[in-house]
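Asks: Okay, so here is protein_10.csv, and as you'll see once you scroll down, it has CSV, C-alpha atoms.
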chain,number,residue,atom,x,y,z
X,1,MET,CA,50.6,-2.1,75.0
X,2,LYS,CA,53.0,-3.5,72.3
X,3,ARG,CA,50.2,-3.1,69.8
X,4,PHE,CA,49.7,0.5,70.8
X,5,VAL,CA,53.4,1.3,70.5
X,6,VAL,CA,53.6,-0.3,67.1
X,7,LEU,CA,50.4,1.5,65.9
X,8,PHE,CA,51.8,4.8,67.3
X,9,ALA,CA,55.1,4.2,65.5
X,10,LEU,CA,53.3,3.5,62.2
X,11,VAL,CA,51.2,6.6,62.5
X,12,ALA,CA,54.3,8.7,63.3
X,13,VAL,CA,56.1,7.3,60.3
X,14,GLY,CA,53.1,8.1,58.2
X,15,ILE,CA,52.9,11.7,59.4
X,16,GLY,CA,56.7,12.0,58.8
X,17,LEU,CA,56.4,10.8,55.3
X,18,LEU,CA,53.5,13.1,54.6
X,19,THR,CA,55.4,16.1,56.1
X,20,ALA,CA,58.5,15.2,54.1
X,21,CYS,CA,56.4,15.0,50.9
X,22,GLY,CA,54.8,18.3,51.7
X,23,GLN,CA,58.2,19.9,52.3
X,24,ASP,CA,59.6,18.5,49.1
X,25,GLY,CA,56.6,19.9,47.3
X,26,ALA,CA,57.0,23.3,49.0
X,27,ASP,CA,60.7,23.3,48.1
X,28,SER,CA,59.9,22.5,44.5
X,29,ASP,CA,57.3,25.2,44.4
X,30,LEU,CA,59.7,27.8,45.9
X,31,LYS,CA,62.4,26.9,43.4
X,32,LYS,CA,60.0,27.2,40.5
X,33,ASP,CA,58.9,30.6,41.8
X,34,VAL,CA,62.5,31.8,42.2
X,35,VAL,CA,63.3,30.7,38.6
X,36,GLU,CA,60.1,32.4,37.2
X,37,ASN,CA,60.8,35.6,39.1
X,38,TYR,CA,64.4,35.6,37.9
X,39,ALA,CA,63.2,35.2,34.3
X,40,SER,CA,60.7,38.1,34.7
X,41,GLY,CA,63.4,40.2,36.4
X,42,VAL,CA,65.9,39.6,33.6
X,43,HIS,CA,63.4,40.7,31.0
X,44,HIS,CA,62.5,43.7,33.0
X,45,LEU,CA,66.1,44.9,33.5
X,46,TYR,CA,67.0,44.3,29.8
X,47,SER,CA,63.9,46.2,28.8
X,48,THR,CA,65.0,49.1,31.1
X,49,SER,CA,68.5,49.0,29.6
X,50,LEU,CA,67.0,48.9,26.1
X,51,ASN,CA,64.8,51.9,26.7
X,52,SER,CA,67.7,54.0,28.0
X,53,ALA,CA,69.9,52.9,25.1
X,54,ILE,CA,67.1,54.0,22.7
X,55,ALA,CA,67.1,57.4,24.5
X,56,LEU,CA,70.9,57.5,24.1
X,57,ASP,CA,70.6,56.7,20.4
X,58,ALA,CA,68.1,59.6,19.9
X,59,SER,CA,70.5,61.9,21.7
X,60,ILE,CA,73.4,60.8,19.5
X,61,ASP,CA,71.3,61.3,16.4
X,62,ARG,CA,70.5,64.9,17.6
X,63,PHE,CA,74.2,65.5,18.1
X,64,VAL,CA,75.2,64.1,14.7
X,65,ALA,CA,72.5,66.2,13.0
X,66,ASP,CA,73.5,69.3,14.9
X,67,PRO,CA,77.0,68.9,16.4
X,68,THR,CA,77.1,71.6,19.1
X,69,PRO,CA,78.8,71.4,22.4
X,70,ALA,CA,75.5,71.3,24.2
X,71,HIS,CA,74.3,68.3,22.2
X,72,LEU,CA,77.6,66.6,22.8
X,73,GLU,CA,77.3,67.0,26.5
X,74,ALA,CA,73.7,65.8,26.3
X,75,ALA,CA,74.8,62.6,24.6
X,76,LYS,CA,77.5,62.1,27.2
X,77,ARG,CA,74.9,62.4,30.0
X,78,MET,CA,72.6,59.9,28.3
X,79,TRP,CA,75.5,57.5,27.9
X,80,LEU,CA,76.2,57.7,31.6
X,81,HIS,CA,72.5,57.1,32.4
X,82,ALA,CA,72.2,54.2,30.0
X,83,ARG,CA,75.4,52.7,31.3
X,84,ASP,CA,73.9,52.7,34.9
X,85,ASP,CA,70.9,50.8,33.6
X,86,TYR,CA,73.0,48.2,31.8
X,87,GLY,CA,75.4,47.5,34.7
X,88,PRO,CA,73.1,45.3,36.8
X,89,THR,CA,72.4,43.0,33.8
X,90,GLU,CA,76.0,41.7,34.0
X,91,ALA,CA,74.7,39.3,36.7
X,92,PHE,CA,72.8,37.5,33.9
X,93,ARG,CA,76.0,36.2,32.3
X,94,PHE,CA,78.5,33.3,32.7
X,95,TYR,CA,76.3,30.4,32.0
X,96,ASP,CA,76.1,30.4,28.2
X,97,GLY,CA,72.8,32.2,28.1
X,98,PRO,CA,71.7,34.3,25.2
X,99,ILE,CA,74.1,37.2,26.1
X,100,ASP,CA,77.3,35.1,26.1
X,101,HIS,CA,76.4,31.9,24.3
X,102,PRO,CA,79.7,30.6,22.7
X,103,ASP,CA,78.1,30.3,19.3
X,104,ASP,CA,76.1,33.5,18.8
X,105,GLY,CA,76.1,35.5,22.1
X,106,PRO,CA,76.6,39.2,21.4
X,107,GLU,CA,78.3,40.1,24.7
X,108,GLY,CA,81.7,40.7,23.0
X,109,LEU,CA,79.9,43.2,20.7
X,110,ILE,CA,78.1,44.9,23.6
X,111,ASN,CA,80.6,45.3,26.4
X,112,ALA,CA,84.1,44.2,25.3
X,113,TRP,CA,87.1,45.9,26.9
X,114,PRO,CA,89.8,47.1,27.2
X,115,LEU,CA,89.7,48.9,23.9
X,116,ASP,CA,92.6,49.9,21.7
X,117,GLU,CA,91.6,53.4,20.8
X,118,ALA,CA,93.8,53.5,17.7
X,119,TYR,CA,91.7,50.7,16.2
X,120,ILE,CA,88.8,53.1,15.9
X,121,ASP,CA,90.1,56.7,15.6
X,122,TYR,CA,93.1,59.0,16.0
X,123,VAL,CA,95.1,58.9,19.2
X,124,GLU,CA,97.8,61.2,20.6
X,125,GLY,CA,100.8,60.9,18.3
X,126,ASP,CA,99.0,59.1,15.5
X,127,PRO,CA,96.4,61.5,13.8
X,128,THR,CA,95.6,59.1,11.0
X,129,ALA,CA,94.9,55.9,13.1
X,130,GLY,CA,91.8,53.9,13.0
X,131,ILE,CA,88.8,52.8,10.9
X,132,VAL,CA,87.5,56.4,10.9
X,133,ASN,CA,90.6,57.7,9.2
X,134,ASN,CA,91.0,54.9,6.7
X,135,PRO,CA,88.4,55.6,3.9
X,136,GLU,CA,90.5,53.7,1.4
X,137,GLU,CA,90.2,50.4,3.2
X,138,TYR,CA,86.8,51.1,4.7
X,139,PRO,CA,84.9,53.3,2.3
X,140,THR,CA,81.5,52.6,3.8
X,141,ILE,CA,80.9,52.6,7.5
X,142,ASP,CA,77.8,50.5,8.3
X,143,ALA,CA,76.6,48.0,10.9
X,144,ASP,CA,77.9,45.0,8.9
X,145,LEU,CA,81.4,46.5,8.8
X,146,LEU,CA,81.6,47.4,12.5
X,147,VAL,CA,80.3,44.0,13.6
X,148,SER,CA,82.7,42.2,11.2
X,149,LEU,CA,85.7,44.1,12.5
X,150,ASN,CA,85.1,43.5,16.2
X,151,GLU,CA,88.0,41.9,17.9
X,152,VAL,CA,89.6,41.0,14.6
X,153,GLY,CA,93.4,40.5,15.1
X,154,GLY,CA,93.2,40.9,18.9
X,155,GLU,CA,90.8,41.1,21.8
X,156,ALA,CA,91.5,44.9,22.2
X,157,ASN,CA,90.5,45.6,18.6
X,158,VAL,CA,87.0,46.5,19.8
X,159,SER,CA,84.8,48.3,17.2
X,160,THR,CA,81.3,48.1,18.7
X,161,GLY,CA,79.5,48.4,22.0
X,162,TRP,CA,79.4,50.7,25.1
X,163,HIS,CA,83.1,51.5,25.1
X,164,ALA,CA,83.4,52.2,21.4
X,165,ILE,CA,80.6,54.8,21.8
X,166,GLU,CA,82.2,56.1,25.0
X,167,PHE,CA,85.5,56.7,23.2
X,168,LEU,CA,83.8,58.4,20.3
X,169,LEU,CA,82.0,60.8,22.8
X,170,TRP,CA,84.9,61.5,25.2
X,171,GLY,CA,88.0,60.7,23.3
X,172,GLN,CA,91.2,59.5,25.0
X,173,ASP,CA,91.5,60.3,28.7
X,174,LEU,CA,94.6,62.4,28.8
X,175,ASN,CA,93.4,64.4,31.8
X,176,SER,CA,94.9,63.1,35.1
X,177,GLY,CA,92.0,64.7,37.1
X,178,GLY,CA,89.0,64.1,34.9
X,179,PRO,CA,87.6,62.3,31.8
X,180,GLY,CA,88.5,62.6,28.2
X,181,ALA,CA,87.7,65.9,26.4
X,182,ARG,CA,87.1,65.2,22.7
X,183,PRO,CA,86.6,68.5,20.9
X,184,VAL,CA,83.3,69.1,19.2
X,185,GLU,CA,85.3,70.0,16.1
X,186,ASP,CA,86.0,66.3,15.6
X,187,TYR,CA,82.4,66.3,14.4
X,188,THR,CA,82.4,69.6,12.5
X,189,THR,CA,85.7,70.8,10.9
X,190,ASN,CA,88.4,68.3,11.8
X,191,ALA,CA,89.6,65.5,9.5
X,192,ASN,CA,87.0,62.8,8.7
X,193,ALA,CA,84.3,64.5,10.8
X,194,GLU,CA,81.5,63.0,8.7
X,195,ARG,CA,82.9,59.5,8.9
X,196,ARG,CA,83.4,59.9,12.7
X,197,ALA,CA,79.7,61.0,13.1
X,198,LYS,CA,78.6,58.1,10.9
X,199,TYR,CA,80.6,55.6,13.0
X,200,LEU,CA,79.1,57.0,16.3
X,201,ALA,CA,75.5,56.8,14.9
X,202,VAL,CA,76.0,53.3,13.6
X,203,ALA,CA,77.7,52.0,16.7
X,204,SER,CA,74.7,53.3,18.7
X,205,ASP,CA,72.2,51.6,16.4
X,206,VAL,CA,74.1,48.3,16.7
X,207,LEU,CA,74.0,48.5,20.5
X,208,VAL,CA,70.2,49.1,20.5
X,209,GLY,CA,69.8,46.1,18.1
X,210,HIS,CA,71.7,43.7,20.4
X,211,LEU,CA,69.8,44.8,23.5
X,212,GLN,CA,66.5,44.3,21.5
X,213,ASP,CA,67.7,40.7,20.9
X,214,MET,CA,68.2,40.2,24.7
X,215,VAL,CA,64.7,41.5,25.4
X,216,LYS,CA,63.2,39.1,22.9
X,217,ALA,CA,65.2,36.2,24.2
X,218,TRP,CA,63.7,36.7,27.7
X,219,ALA,CA,60.2,37.9,26.7
X,220,PRO,CA,57.3,36.0,28.3
X,221,GLY,CA,54.9,34.0,26.3
X,222,VAL,CA,57.1,33.4,23.3
X,223,SER,CA,57.3,29.8,22.3
X,224,GLY,CA,60.8,28.5,21.7
X,225,ASN,CA,62.7,31.6,22.9
X,226,TYR,CA,65.4,31.3,25.6
X,227,ARG,CA,63.1,32.2,28.5
X,228,ALA,CA,60.6,29.4,27.5
X,229,GLN,CA,63.5,26.9,27.6
X,230,PHE,CA,64.9,28.3,30.8
X,231,VAL,CA,61.7,28.1,32.9
X,232,SER,CA,60.8,24.7,31.6
X,233,GLN,CA,64.1,23.0,32.5
X,234,ASN,CA,64.8,21.2,35.8
X,235,GLU,CA,64.7,23.9,38.6
X,236,ASP,CA,68.0,22.8,40.0
X,237,ASP,CA,69.6,23.2,36.6
X,238,ALA,CA,68.2,26.7,36.2
X,239,LEU,CA,69.3,27.6,39.8
X,240,GLN,CA,72.8,26.5,39.0
X,241,LYS,CA,72.9,28.9,36.2
X,242,ILE,CA,71.4,31.8,38.2
X,243,ILE,CA,73.9,31.3,41.1
X,244,THR,CA,76.8,30.7,38.8
X,245,GLY,CA,76.0,34.1,37.2
X,246,ILE,CA,76.2,36.0,40.5
X,247,GLY,CA,79.2,34.0,41.8
X,248,GLU,CA,81.3,34.4,38.7
X,249,LEU,CA,80.5,38.1,38.4
X,250,SER,CA,81.3,38.6,42.1
X,251,ARG,CA,84.9,37.2,42.1
X,252,GLY,CA,86.2,36.2,38.7
X,253,GLU,CA,84.9,39.1,36.7
X,254,LEU,CA,84.2,42.1,39.1
X,255,ALA,CA,86.8,41.5,41.8
X,256,GLY,CA,89.2,39.9,39.4
X,257,GLU,CA,89.2,41.2,35.8
X,258,ARG,CA,87.6,44.5,36.4
X,259,MET,CA,89.3,45.6,39.6
X,260,THR,CA,92.3,43.5,40.6
X,261,VAL,CA,94.0,43.7,37.2
X,262,ALA,CA,93.8,47.5,37.0
X,263,PHE,CA,94.7,47.8,40.7
X,264,GLU,CA,97.8,45.6,40.6
X,265,GLU,CA,99.0,46.8,37.2
X,266,ARG,CA,98.2,50.4,38.0
X,267,SER,CA,96.8,50.5,34.5
X,268,GLN,CA,94.3,53.1,33.4
X,269,GLU,CA,93.8,51.2,30.1
X,270,ASP,CA,92.5,48.2,32.2
X,271,GLU,CA,89.8,50.1,34.0
X,272,HIS,CA,86.4,49.5,32.7
X,273,SER,CA,85.1,52.9,31.6
X,274,CYS,CA,88.4,54.8,31.3
X,275,PHE,CA,87.3,57.5,28.8
X,276,SER,CA,84.4,58.8,30.8
X,277,ASP,CA,85.8,58.1,34.3
X,278,ASN,CA,82.6,56.1,35.0
X,279,THR,CA,84.5,53.0,36.3
X,280,THR,CA,83.4,53.4,40.0
X,281,ALA,CA,79.8,53.6,38.9
X,282,ASP,CA,80.2,50.5,36.8
X,283,ILE,CA,81.5,48.6,39.8
X,284,VAL,CA,78.6,49.7,41.9
X,285,ALA,CA,76.1,48.8,39.2
X,286,ASN,CA,77.6,45.3,38.9
X,287,ALA,CA,77.6,44.8,42.7
X,288,LEU,CA,74.0,45.9,42.7
X,289,GLY,CA,73.2,43.3,40.1
X,290,ILE,CA,74.4,40.5,42.4
X,291,GLN,CA,72.2,42.0,45.2
X,292,ILE,CA,69.2,42.2,43.0
X,293,VAL,CA,69.3,38.6,42.0
X,294,PHE,CA,70.0,37.4,45.5
X,295,LEU,CA,67.0,39.3,46.9
X,296,GLY,CA,64.7,38.8,43.9
X,297,ASP,CA,63.8,42.5,43.7
X,298,TYR,CA,64.4,43.7,40.2
X,299,GLY,CA,62.6,47.1,40.6
X,300,GLY,CA,59.2,46.9,39.1
X,301,VAL,CA,59.4,43.1,39.3
X,302,SER,CA,59.9,41.4,42.6
X,303,GLY,CA,59.3,38.0,44.2
X,304,PRO,CA,61.3,35.2,45.9
X,305,GLY,CA,65.0,35.2,45.3
X,306,ILE,CA,68.0,33.1,46.1
X,307,LYS,CA,67.9,34.4,49.7
X,308,ASP,CA,64.5,32.8,50.3
X,309,LEU,CA,65.8,29.4,49.2
X,310,ILE,CA,68.8,29.6,51.5
X,311,ALA,CA,66.7,30.9,54.4
X,312,ALA,CA,64.4,27.8,54.1
X,313,GLU,CA,67.5,25.7,54.9
X,314,ASP,CA,69.6,28.0,57.0
X,315,GLU,CA,68.2,31.4,58.0
X,316,ASP,CA,71.5,32.5,59.6
X,317,LEU,CA,73.5,31.7,56.5
X,318,ALA,CA,71.0,33.7,54.4
X,319,ASP,CA,71.3,36.7,56.6
X,320,GLN,CA,75.1,36.4,56.6
X,321,LEU,CA,75.2,36.5,52.8
X,322,GLU,CA,72.7,39.3,52.6
X,323,SER,CA,74.9,41.3,54.9
X,324,GLU,CA,78.1,40.5,53.0
X,325,ILE,CA,76.5,41.5,49.7
X,326,ALA,CA,75.2,44.7,51.1
X,327,ARG,CA,78.6,45.5,52.5
X,328,SER,CA,80.2,45.0,49.1
X,329,VAL,CA,77.7,47.4,47.5
X,330,ASN,CA,78.4,50.0,50.3
X,331,LEU,CA,82.2,49.6,49.9
X,332,ALA,CA,82.0,50.0,46.2
X,333,ASN,CA,80.0,53.2,46.7
X,334,ALA,CA,82.7,54.5,49.0
X,335,ILE,CA,85.5,54.3,46.3
X,336,PRO,CA,86.4,57.9,45.6
X,337,ASP,CA,86.0,59.1,42.0
X,338,PRO,CA,87.8,59.1,39.6
X,339,PHE,CA,88.9,55.5,39.8
X,340,ASP,CA,92.1,56.1,37.7
X,341,GLN,CA,93.5,58.3,40.5
X,342,HIS,CA,94.0,55.1,42.5
X,343,LEU,CA,96.1,53.5,39.7
X,344,LEU,CA,98.8,56.2,39.4
X,345,GLU,CA,102.4,55.2,40.0
X,346,GLY,CA,103.6,56.5,43.3
X,347,VAL,CA,100.2,56.4,45.0
X,348,SER,CA,100.8,54.5,48.2
X,349,ASP,CA,98.8,51.3,48.9
X,350,GLN,CA,97.9,53.0,52.2
X,351,ALA,CA,96.2,55.9,50.4
X,352,THR,CA,92.5,56.2,51.1
X,353,GLY,CA,91.5,55.4,47.5
X,354,ARG,CA,93.8,52.4,47.2
X,355,ARG,CA,92.6,51.0,50.5
X,356,ALA,CA,89.0,51.5,49.4
X,357,VAL,CA,89.5,49.6,46.2
X,358,LEU,CA,91.3,46.7,47.9
X,359,THR,CA,88.7,46.5,50.6
X,360,THR,CA,86.0,46.2,48.0
X,361,ILE,CA,87.9,43.5,46.2
X,362,THR,CA,88.4,41.5,49.4
X,363,SER,CA,84.7,41.8,50.3
X,364,LEU,CA,83.6,40.6,46.9
X,365,GLU,CA,86.0,37.6,47.1
X,366,ASP,CA,84.7,36.8,50.6
X,367,GLN,CA,81.1,36.9,49.6
X,368,THR,CA,81.8,34.6,46.7
X,369,ASP,CA,83.0,31.9,49.1
X,370,THR,CA,79.7,32.3,51.0
X,371,ILE,CA,77.7,32.1,47.7
X,372,VAL,CA,79.4,28.8,47.0
X,373,ASP,CA,78.6,27.5,50.5
X,374,ALA,CA,75.0,28.7,50.3
X,375,ALA,CA,74.5,27.0,47.0
X,376,GLN,CA,75.7,23.8,48.5
X,377,LYS,CA,73.2,24.2,51.3
X,378,ILE,CA,70.4,24.1,48.9
X,379,GLY,CA,71.9,21.2,46.9
X,380,ILE,CA,73.5,23.2,44.1
X,381,THR,CA,77.1,22.9,43.1
X,382,ILE,CA,78.7,25.8,41.3
X,383,SER,CA,82.2,26.4,40.1
X,384,VAL,CA,83.6,30.0,39.9
X,385,SER,CA,86.9,31.5,39.0
Translate this file's structure into C-alpha cells.

Replies:
Amino acid sequence: MKRFVVLFALVAVGIGLLTACGQDGADSDLKKDVVENYASGVHHLYSTSLNSAIALDASIDRFVADPTPAHLEAAKRMWLHARDDYGPTEAFRFYDGPIDHPDDGPEGLINAWPLDEAYIDYVEGDPTAGIVNNPEEYPTIDADLLVSLNEVGGEANVSTGWHAIEFLLWGQDLNSGGPGARPVEDYTTNANAERRAKYLAVASDVLVGHLQDMVKAWAPGVSGNYRAQFVSQNEDDALQKIITGIGELSRGELAGERMTVAFEERSQEDEHSCFSDNTTADIVANALGIQIVFLGDYGGVSGPGIKDLIAAEDEDLADQLESEIARSVNLANAIPDPFDQHLLEGVSDQATGRRAVLTTITSLEDQTDTIVDAAQKIGITISVS
C-alpha cells in the first residue's frame, strides 16, 4: 500500500511538472505571438498614416499650384482625415522606440505642441511676425531650415509637423464658435504669399518623410531595423514597452497633458488641435489607440493582444479592463464639439461639456490603474506618470 502511494505521488508530481512545462511553453508562445502581432500592427497603422499623409501632401501641392478657396477646403479636409489616421499611433510611444528615441526620434518634429503661431507667421496685432515674414534672416525656406528651427529657443517654437501645417491651413482660431478662418488671399495677394505657400509645401513634405522613416523602422523582413530588434528581444522586455506605451498615453499624456492642462487652465492654446477645432477627434483617436493595442486588432492586422495574456491569468480582470477602455472611448466620443467651448472663462464646471471632459479624464486615469495591475498579473512591472 505504501509503495502504491509513493508511486502514485511520483506519477502525480511528474504529471504536474509536465503540465507546468507545457503551460510555460504555451505562455511563452502566446507572449511571442502578442509581440509579433503588435509589431505587424504598428507597421500597418504607420503605413496607413503615411498613405493619408501622402494624400494630404498631394492636396497641399494642388492648393499651392492653384490657390483657390475650393482647393484650400480640400486640403483642410485631407488634414482632418490624415490626422484621424495618425492619432492611434500615439500608443506606440513612451518607451524610447524609433518615434521618440532620445537621440534621433522625430516625434518633436511630427507632433509637437502647443505651438507659438508668431514663430511661423503673422498673428493678430503683429503682421510681420514669424519665419514666413522674415526673408532677410531666412531667405530660403527648405526642409533643412524648418527642421533646424524646430523648438529652438523654446518648446513652443514649433516649426514643423501636424500643427504647423494646421496653422498654415486654418490660421489663428479667433472664432469663439468655430475653427480658424485663414483667408485664401494669404496664398495669393497678401504679403509674402509665395513664402507662405513654400513653407506649407515643405512642412508637408517633411511630415511625409518622417512617417516614411517610421514605416521603415517597423517594416518586416528588414535585417537590423527596429522591428527586427524588437521581436528578437526577451518577450517580457517587449511587453513592458508595449504596456508602458498604452499606460503612459492613457494617464500621463492623454488624461494629463492633453486634457487636464487645458481643462484646468481654461486655455485654448493648450488644446491639442486648436486651429482646426479637431481636439475632440484627437482625444478619441488616442483613446482608440489604447483599445487597439489592448485587443490586438489593428484593422487589417489582427491577432492576440494584451487582453489575451491577462485573460490567461485572470479572465475577470481582462474583461474589466476591456470594459474600462471601451468606456473611455465612448466618453471621449460624447465630448461635445468644439472642445474649446468647454475652456471658456465663466463656463460652469457643472456645464454638460465640462462634465463630459472631466468624466473622460477620470475614466482614463482609472483605467491606467487597472493597466498597471493587469501588467503585474502577467509578471510585467511598468511605471507611468

Asks: Excluding range 234-245 of chain X and any residue of its chain fewer than 6 positions from it, enumerate the residues within 7 Å of it, using only C-alpha atoms, and give them as a compact mmCIF listing (two decimals) with C-alpha atoms, in the frame of the given file.

Replies:
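Result file is selection.txt:
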# COMPACT_ATOMS: atom_id res chain seq x y z
CA LYS X 31 62.40 26.90 43.40
CA LYS X 32 60.00 27.20 40.50
CA VAL X 35 63.30 30.70 38.60
CA ALA X 91 74.70 39.30 36.70
CA PHE X 92 72.80 37.50 33.90
CA ARG X 93 76.00 36.20 32.30
CA PHE X 94 78.50 33.30 32.70
CA TYR X 95 76.30 30.40 32.00
CA ILE X 380 73.50 23.20 44.10
CA THR X 381 77.10 22.90 43.10
CA ILE X 382 78.70 25.80 41.30
CA VAL X 384 83.60 30.00 39.90

Asks: Could you tell me how far CA of Ala203 in chain X sits from CA of Ala55 in chain X, in Å to one decimal place?

Replies: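 Calculated distance between CA of Ala55 in chain X and CA of Ala203 in chain X is 14.2 Å.
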
Asks: Using all atoms listed in the file, which of the listed residues (X:Val347, X:Leu56, X:Val123, X:Ala374) sits closest to Arg182 in chain X?

Replies: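 For Arg182 in chain X, the nearest of the given residues is X:Val123.
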
Asks: CA of Gly256 in chain X and CA of Ala287 in chain X are how many Å apart?

Replies: 13.0 Å

Asks: As an exercise, work out the distance from CA of Leu317 in chain X to CA of Ala375 in chain X in Å and give it to one decimal place.

Replies: 10.6 Å

Asks: Skipping near chain neighbours, those fewer than 2 positions away, what residues fall within 12 Å of Leu344 in chain X using only C-alpha atoms, listed as number ranges by chain?

Replies: X: 176-177, 262-269, 338-342, 346-349, 351, 353-354

Asks: If we count all atoms listed in the file, what is near His81 in chain X at a cut-off of 9 Å, once residues fewer than 5 positions away on the same chain are taken out, given as a list in words?

Replies: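 The contact residues come out as Ser52, Ala53, Leu56, Lys76 and Tyr86 of chain X.
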
Asks: Between X:Gly303, X:Gly178, X:Gly125, X:Gly130, which is the closest to Asp277 in chain X once you count all atoms listed in the file?

Replies: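 Counting all atoms listed in the file, the residue closest to Asp277 in chain X is X:Gly178.
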
Asks: Please return, as a PyMOL selection string, all polymer residues that have at least one atom within 12 Å of the point (76.7, 36.3, 27.2); use all atoms listed in the file and the file's own coordinate frame.

Replies: chain X and resi 89-112+210-211+213-214+217+245+249

Asks: Next, write the just-selected residues to a file, as a PDB file, in the coordinates of the input, keeping C-alpha atoms as the atom set.

Replies:
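After the write, selection-v1.pdb holds the following:
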ATOM      1  CA  THR X  89      72.400  43.000  33.800  1.00  0.00           C
ATOM      2  CA  GLU X  90      76.000  41.700  34.000  1.00  0.00           C
ATOM      3  CA  ALA X  91      74.700  39.300  36.700  1.00  0.00           C
ATOM      4  CA  PHE X  92      72.800  37.500  33.900  1.00  0.00           C
ATOM      5  CA  ARG X  93      76.000  36.200  32.300  1.00  0.00           C
ATOM      6  CA  PHE X  94      78.500  33.300  32.700  1.00  0.00           C
ATOM      7  CA  TYR X  95      76.300  30.400  32.000  1.00  0.00           C
ATOM      8  CA  ASP X  96      76.100  30.400  28.200  1.00  0.00           C
ATOM      9  CA  GLY X  97      72.800  32.200  28.100  1.00  0.00           C
ATOM     10  CA  PRO X  98      71.700  34.300  25.200  1.00  0.00           C
ATOM     11  CA  ILE X  99      74.100  37.200  26.100  1.00  0.00           C
ATOM     12  CA  ASP X 100      77.300  35.100  26.100  1.00  0.00           C
ATOM     13  CA  HIS X 101      76.400  31.900  24.300  1.00  0.00           C
ATOM     14  CA  PRO X 102      79.700  30.600  22.700  1.00  0.00           C
ATOM     15  CA  ASP X 103      78.100  30.300  19.300  1.00  0.00           C
ATOM     16  CA  ASP X 104      76.100  33.500  18.800  1.00  0.00           C
ATOM     17  CA  GLY X 105      76.100  35.500  22.100  1.00  0.00           C
ATOM     18  CA  PRO X 106      76.600  39.200  21.400  1.00  0.00           C
ATOM     19  CA  GLU X 107      78.300  40.100  24.700  1.00  0.00           C
ATOM     20  CA  GLY X 108      81.700  40.700  23.000  1.00  0.00           C
ATOM     21  CA  LEU X 109      79.900  43.200  20.700  1.00  0.00           C
ATOM     22  CA  ILE X 110      78.100  44.900  23.600  1.00  0.00           C
ATOM     23  CA  ASN X 111      80.600  45.300  26.400  1.00  0.00           C
ATOM     24  CA  ALA X 112      84.100  44.200  25.300  1.00  0.00           C
ATOM     25  CA  HIS X 210      71.700  43.700  20.400  1.00  0.00           C
ATOM     26  CA  LEU X 211      69.800  44.800  23.500  1.00  0.00           C
ATOM     27  CA  ASP X 213      67.700  40.700  20.900  1.00  0.00           C
ATOM     28  CA  MET X 214      68.200  40.200  24.700  1.00  0.00           C
ATOM     29  CA  ALA X 217      65.200  36.200  24.200  1.00  0.00           C
ATOM     30  CA  GLY X 245      76.000  34.100  37.200  1.00  0.00           C
ATOM     31  CA  LEU X 249      80.500  38.100  38.400  1.00  0.00           C
TER      32      LEU X 249
END

Asks: Tell me which of X:Ala156, X:Leu309, X:Ile371, X:Ala332 sits closest to Ala255 in chain X, counting all atoms listed in the file.

Replies: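 Ranking X:Ala156, X:Leu309, X:Ile371, X:Ala332 by distance to Ala255 in chain X, first place goes to X:Ala332.
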
Asks: Determine the nearest neighbour of Ala164 in chain X from the options X:Arg251, X:Arg258, X:Lys307, X:His272, counting only C-alpha atoms.

Replies: X:His272

Asks: Would you please work out which residue, of X:Asp314, X:Asp282, X:Asp308, X:Asp66, is nearest to Val34 in chain X when using all atoms listed in the file?

Replies: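 Closest candidate: X:Asp308.
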
Asks: Which polymer residues, protein or nucleic acid, are no farther than 10 Å from (82.7, 54.2, 49.0), counting only C-alpha atoms, as number ranges by chain?

Replies: X: 280, 284, 328-337, 353, 356-357, 359-360

Asks: Using only C-alpha atoms, which protein or nucleic acid residues come within 8 Å of range 136-152 of chain X? Drop anything in the same chain fewer than 2 positions from it, and give the result as a list in words.

Replies: Leu109, Ile131, Asn134, Gly154, Glu155, Ala156, Asn157, Val158, Ser159, Thr160, Arg195, Lys198, Tyr199, Val202, Ala203, Asp205 and Val206 of chain X

Asks: Point out the residue among X:Cys274, X:Leu30, X:Ala39, X:Met78 with the least atom-to-atom distance to Asn225 in chain X, counting all atoms listed in the file.

Replies: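 Looking at the shortest contact to Asn225 in chain X, the residue is X:Ala39.
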
Asks: For Asp85 in chain X, please output as a PyMOL selection string all residues within 8 Å (counting all atoms listed in the file; exclusion window: fewer than 5 positions along the same chain).

Replies: chain X and resi 45+48-49+52+285
